[in-house]
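Source file: entry-v5.txt. Holds: compact mmCIF, C-alpha atoms.
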```txt
# COMPACT_ATOMS: atom_id res chain seq x y z
CA ASN A 1 250.07 152.01 161.25
CA ALA A 2 249.35 154.29 164.18
CA GLY A 3 250.59 157.84 163.90
CA VAL A 4 252.98 159.61 166.20
CA MET A 5 251.67 159.43 169.74
CA GLN A 6 252.32 161.88 172.50
CA ASN A 7 251.24 161.76 176.10
CA PRO A 8 249.98 163.29 178.08
CA ARG A 9 247.99 165.58 175.82
CA HIS A 10 247.63 168.12 178.61
CA LEU A 11 249.88 168.54 181.62
CA VAL A 12 249.53 170.97 184.49
CA ARG A 13 252.48 171.55 186.79
CA ARG A 14 253.26 173.98 189.56
CA ARG A 15 256.44 176.00 189.47
CA GLY A 16 259.40 173.93 190.56
CA GLN A 17 257.92 170.56 189.61
CA GLU A 18 259.18 168.27 186.89
CA ALA A 19 257.43 167.66 183.57
CA ARG A 20 257.99 164.49 181.53
CA LEU A 21 256.64 164.45 177.99
CA ARG A 22 256.57 161.23 176.01
CA CYS A 23 256.66 160.64 172.29
CA SER A 24 256.21 157.32 170.52
CA PRO A 25 257.26 157.67 166.87
CA MET A 26 255.55 155.91 164.02
CA LYS A 27 256.53 152.29 163.61
CA GLY A 28 259.80 152.02 161.74
CA HIS A 29 260.80 155.64 162.38
CA SER A 30 264.16 156.10 164.07
CA HIS A 31 264.44 159.90 163.85
CA VAL A 32 262.64 162.05 166.41
CA TYR A 33 262.40 165.83 166.63
CA TRP A 34 261.00 167.97 169.42
CA TYR A 35 259.57 171.41 168.72
CA ARG A 36 258.06 174.00 171.02
CA GLN A 37 255.31 176.48 170.26
CA LEU A 38 255.02 179.28 172.78
CA PRO A 39 251.64 181.03 173.05
CA GLU A 40 251.01 183.24 170.02
CA GLU A 41 254.42 182.35 168.58
CA GLY A 42 255.73 180.09 165.86
CA LEU A 43 257.25 176.66 166.19
CA LYS A 44 260.88 176.43 167.25
CA PHE A 45 263.25 173.48 167.02
CA MET A 46 264.49 172.05 170.30
CA VAL A 47 266.29 168.74 169.77
CA TYR A 48 266.86 166.03 167.16
CA LEU A 49 267.48 162.46 168.24
CA GLN A 50 268.16 159.18 166.58
CA LYS A 51 267.89 155.93 168.51
CA GLU A 52 270.08 156.32 171.63
CA ASN A 53 271.85 159.40 170.22
CA ILE A 54 271.31 163.13 170.45
CA ILE A 55 272.16 164.50 167.01
CA ASP A 56 271.44 168.20 167.60
CA GLU A 57 270.29 169.86 170.80
CA SER A 58 271.10 173.41 169.74
CA GLY A 59 267.52 174.60 170.28
CA MET A 60 267.15 173.28 173.78
CA PRO A 61 267.85 175.48 176.81
CA LYS A 62 271.10 174.41 178.46
CA GLU A 63 269.59 174.15 181.91
CA ARG A 64 266.60 172.19 183.15
CA PHE A 65 265.83 170.57 179.79
CA SER A 66 266.96 167.13 178.67
CA ALA A 67 265.87 164.61 176.05
CA GLU A 68 266.46 160.97 175.39
CA PHE A 69 265.41 158.32 172.88
CA PRO A 70 266.32 154.93 174.32
CA LYS A 71 266.72 151.75 172.35
CA GLU A 72 263.40 150.55 173.72
CA GLY A 73 260.48 152.79 174.55
CA PRO A 74 259.39 156.30 173.73
CA SER A 75 261.42 159.46 173.47
CA ILE A 76 261.23 161.57 176.62
CA LEU A 77 261.53 165.34 176.94
CA ARG A 78 262.16 166.22 180.55
CA ILE A 79 261.84 169.67 182.06
CA GLN A 80 263.06 170.06 185.61
CA GLN A 81 261.97 172.84 187.97
CA VAL A 82 259.42 174.23 185.54
CA VAL A 83 258.76 177.95 185.36
CA ARG A 84 255.78 179.83 183.93
CA GLY A 85 257.72 180.58 180.76
CA ASP A 86 257.82 176.85 179.98
CA SER A 87 254.06 176.90 179.34
CA ALA A 88 253.73 175.96 175.68
CA ALA A 89 252.70 173.25 173.27
CA TYR A 90 255.44 170.69 172.74
CA PHE A 91 255.29 168.76 169.48
CA CYS A 92 257.18 165.66 168.56
CA ALA A 93 257.74 164.60 164.96
CA SER A 94 259.28 161.47 163.51
CA SER A 95 260.67 160.33 160.18
CA PRO A 96 261.96 157.01 158.92
CA LEU A 97 265.15 158.41 157.48
CA ARG A 98 266.89 161.72 157.12
CA GLN A 99 265.50 164.00 154.42
CA GLU A 100 262.08 162.44 154.70
CA THR A 101 258.72 163.95 155.57
CA GLN A 102 258.30 164.52 159.28
CA TYR A 103 255.05 163.31 160.82
CA PHE A 104 253.82 165.29 163.79
CA GLY A 105 252.18 164.09 166.96
CA PRO A 106 249.16 165.87 168.46
CA GLY A 107 251.32 167.76 170.94
CA THR A 108 251.44 168.10 174.70
CA ARG A 109 250.06 171.33 176.13
CA LEU A 110 252.03 172.17 179.26
CA LEU A 111 250.61 174.73 181.66
CA VAL A 112 252.75 175.87 184.56
CA LEU A 113 250.85 177.49 187.40
CA LYS B 1 265.38 189.21 159.80
CA ASN B 2 263.86 185.74 160.08
CA GLU B 3 265.35 183.00 157.95
CA VAL B 4 261.85 182.10 156.74
CA GLU B 5 259.32 184.79 155.91
CA GLN B 6 255.68 184.19 155.01
CA SER B 7 253.05 186.45 153.55
CA PRO B 8 250.38 187.37 154.15
CA GLN B 9 250.13 186.87 157.92
CA ASN B 10 246.35 186.75 157.73
CA LEU B 11 244.11 186.02 154.78
CA THR B 12 240.33 186.01 154.61
CA ALA B 13 238.59 184.90 151.42
CA GLN B 14 235.23 183.78 150.15
CA GLU B 15 234.51 180.14 149.52
CA GLY B 16 235.59 179.16 146.03
CA GLU B 17 238.40 181.69 145.71
CA PHE B 18 241.91 180.78 144.58
CA ILE B 19 244.34 181.17 147.45
CA THR B 20 248.07 181.87 147.32
CA ILE B 21 250.42 181.91 150.30
CA ASN B 22 254.03 182.89 149.81
CA CYS B 23 257.23 181.85 151.54
CA SER B 24 260.74 183.27 151.13
CA TYR B 25 263.86 181.95 152.79
CA SER B 26 267.41 183.22 153.10
CA VAL B 27 269.44 180.07 153.81
CA GLY B 28 270.58 177.08 151.80
CA ILE B 29 268.06 174.31 152.11
CA SER B 30 267.73 170.61 151.41
CA ALA B 31 263.94 170.78 151.34
CA LEU B 32 260.97 173.05 151.97
CA HIS B 33 257.90 171.86 153.83
CA TRP B 34 254.35 173.14 153.92
CA LEU B 35 252.40 172.27 157.06
CA GLN B 36 248.81 172.84 158.11
CA GLN B 37 247.90 173.51 161.72
CA HIS B 38 244.25 172.98 162.51
CA PRO B 39 242.28 175.19 164.90
CA GLY B 40 242.58 172.37 167.44
CA GLY B 41 246.36 172.57 167.22
CA GLY B 42 247.25 169.40 165.33
CA ILE B 43 249.90 169.67 162.60
CA VAL B 44 249.73 167.88 159.28
CA SER B 45 252.52 167.76 156.74
CA LEU B 46 251.15 168.78 153.33
CA PHE B 47 254.21 168.84 151.09
CA MET B 48 257.93 168.35 151.16
CA LEU B 49 259.69 169.60 148.05
CA SER B 50 263.14 170.49 146.86
CA SER B 51 262.36 171.49 143.28
CA GLY B 52 259.54 172.10 140.86
CA LYS B 53 255.93 171.56 141.75
CA LYS B 54 253.77 169.09 143.65
CA LYS B 55 250.00 168.67 143.62
CA HIS B 56 247.68 166.90 146.01
CA GLY B 57 243.97 167.30 145.44
CA ARG B 58 243.19 171.03 145.50
CA LEU B 59 246.58 171.94 146.90
CA ILE B 60 249.59 172.88 144.77
CA ALA B 61 253.06 173.76 146.03
CA THR B 62 255.82 175.26 143.93
CA ILE B 63 259.39 176.19 144.67
CA ASN B 64 261.96 178.33 142.86
CA ILE B 65 265.38 177.44 144.24
CA GLN B 66 267.18 180.29 142.47
CA GLU B 67 264.82 182.89 143.88
CA LYS B 68 264.50 181.11 147.27
CA HIS B 69 260.76 181.32 147.09
CA SER B 70 257.85 178.94 147.41
CA SER B 71 254.10 179.29 147.02
CA LEU B 72 251.19 177.24 148.29
CA HIS B 73 248.02 177.46 146.24
CA ILE B 74 244.55 176.26 147.15
CA THR B 75 242.01 175.98 144.34
CA ALA B 76 238.24 176.15 144.95
CA SER B 77 238.76 177.02 148.60
CA HIS B 78 236.35 175.68 151.20
CA PRO B 79 235.64 176.65 154.82
CA ARG B 80 237.33 173.42 155.96
CA ASP B 81 240.58 174.82 154.53
CA SER B 82 240.55 177.39 157.33
CA ALA B 83 243.75 176.80 159.28
CA VAL B 84 247.23 178.17 159.83
CA TYR B 85 249.61 177.27 156.99
CA ILE B 86 253.25 177.09 157.94
CA CYS B 87 256.29 177.09 155.70
CA ALA B 88 259.41 175.40 157.07
CA VAL B 89 262.85 174.62 155.69
CA SER B 90 265.43 171.99 156.49
CA SER B 91 269.00 173.13 156.03
CA ASN B 92 271.53 171.60 153.69
CA PHE B 93 274.08 170.92 156.38
CA GLY B 94 273.04 167.36 157.05
CA ASN B 95 270.67 168.17 159.87
CA GLU B 96 267.00 167.83 159.14
CA LYS B 97 265.71 170.12 161.87
CA LEU B 98 263.03 172.47 160.61
CA THR B 99 263.12 176.25 160.75
CA PHE B 100 259.61 177.64 160.59
CA GLY B 101 257.91 180.72 159.26
CA THR B 102 255.42 182.45 161.50
CA GLY B 103 252.46 181.04 159.60
CA THR B 104 249.56 182.38 157.57
CA ARG B 105 246.15 182.28 159.19
CA LEU B 106 243.61 181.49 156.47
CA THR B 107 239.88 181.97 156.99
CA ILE B 108 237.45 180.91 154.29
CA ILE B 109 233.99 182.42 154.61
CA PRO B 110 231.02 180.39 153.31
```

Can the structure in the file be given as structure tokens, please?
Amino acid sequence: NAGVMQNPRHLVRRRGQEARLRCSPMKGHSHVYWYRQLPEEGLKFMVYLQKENIIDESGMPKERFSAEFPKEGPSILRIQQVVRGDSAAYFCASSPLRQETQYFGPGTRLLVL
Amino acid sequence: KNEVEQSPQNLTAQEGEFITINCSYSVGISALHWLQQHPGGGIVSLFMLSSGKKKHGRLIATINIQEKHSSLHITASHPRDSAVYICAVSSNFGNEKLTFGTGTRLTIIP
């Protein structure tokens, strides 16, 4: 059973471009979480999704950021018009059910020039 | 004040020493998680616990719900244990999002 997969592992964007980060949860997992780790800072919750539904997006900036987890395919975290402050590691985690261990992907390191 | 506090922030020890990392939290929780972040950045879930004690190999995690405190112990520490150890809690309001401590950077010297 493959682990949580994220791609790309590294992404470089110029200010104003769009960044699309993908997360494929472990097989059988229907709960996906996105977390962000800014340089030299701790992890922070962004958004919690269950298949086709956003359960909690309280940690996600209101503008420029969006997330989806369609019925088919990976979860996508989309950042429009990136700014330098978006440079961070973005981690996805998945779990089979609520109140279960979350398994983390390797992260996507976004660098905005 | 952060909802999840860890101590110490940094810890350096000799190989073989017994290691303790502490975590205190101030909110109601459904579970507490201990995570390990490798120097390369990858994150591994070590324990998820809501009461008592769990053991896996040389790692032991305990939690005291009344005192809102958890400890992670490493016995017979080894240089490969060098990593950042992160405590996180999931709230008891039906949402499993994690709130993280700032981590403890552990370095084990051969």

Output the contact residues of chain A with respect to chain B at a cut-off of 10 Å, based on all atoms listed in the file, as a PyMOL selection string.
chain A and resi 31-35+40-48+55-56+59+89+91+93+95+97-107+109

Best match for closeness to Thr107 of chain B among B:Asp81, B:Ile29, B:Val4, B:Val89, counting all atoms listed in the file
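Closest to Thr107 of chain B, using all atoms listed in the file: B:Asp81.
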
Pick out the closest residue to Ile63 of chain B from this set: B:Ala76, B:Asn22, B:Gln37, B:Gly28. Count all atoms listed in the file.
B:Asn22

Taking 4 positions as the minimum chain separation for residues in the same chain, which residues sit within 7 Å of Gln80 of chain A when counting all atoms listed in the file? Answer as a list in words.
Gln17, Glu18, Ala19, Arg64 and Phe65 of chain A

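Here the question is which of B:His38, B:Ser77, B:Leu32, B:Val27 gets nearest to Thr62 of chain B using all atoms listed in the file, and that residue is B:Leu32.
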
In Å, how far is it from atom CA of Met26 of chain A to atom CA of Lys51 of chain A?
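One can read the atom CA of Met26 of chain A to atom CA of Lys51 of chain A distance as 13.1 Å.
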
Output, as AutoDock Vina command-line options, the centre and edge lengths in Å (one decimal) of the axis-aligned box that contains all listed atoms of segment 55-69 of chain B with 5 Å of margin on each side.
```
--center_x 255.2 --center_y 174.9 --center_z 144.9 --size_x 34.0 --size_y 26.0 --size_z 14.8
```

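Here atom CA of Asn2 of chain B and atom CA of Lys54 of chain B stand 25.5 Å from one another.
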
Just the residues within 9 Å of Ser75 of chain A, please, counting only C-alpha atoms, with nothing from its chain fewer than 5 positions along; format it as number ranges by chain.
A: 21-25, 32, 49, 51, 67-70, 92

Would you pick out the contacts of Arg105 of chain B at 8 Å or less, using all atoms listed in the file, so that residues sharing its chain but fewer than 6 positions from it are not included, and give the list as a ChimeraX atom specification?
/B:9-11,82-85

Atomic separation - atom CA of Ser71 of chain B relative to atom CA of Glu15 of chain B, Å:
19.8 Å

For Gly16 of chain B, please output as a list in words all residues within 10 Å (counting all atoms listed in the file; exclusion window: fewer than 6 positions along the same chain).
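Residues near the query, excluding close chain neighbours: Ile74, Thr75, Ala76, Ser77, His78, Pro79, Ile108, Ile109 and Pro110 of chain B.
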
Taking (250.1, 170.5, 182.3) in the file's own coordinates, collect the residues within 8 Å, counting all atoms listed in the file, and hand them back as number ranges by chain.
A: 10-13, 19, 109-112

Give me the residues within 7 Å of Val83 of chain A as a PyMOL selection string, counting all atoms listed in the file and dropping any in the same chain fewer than 2 places off.
chain A and resi 15-16+81+85-86+112
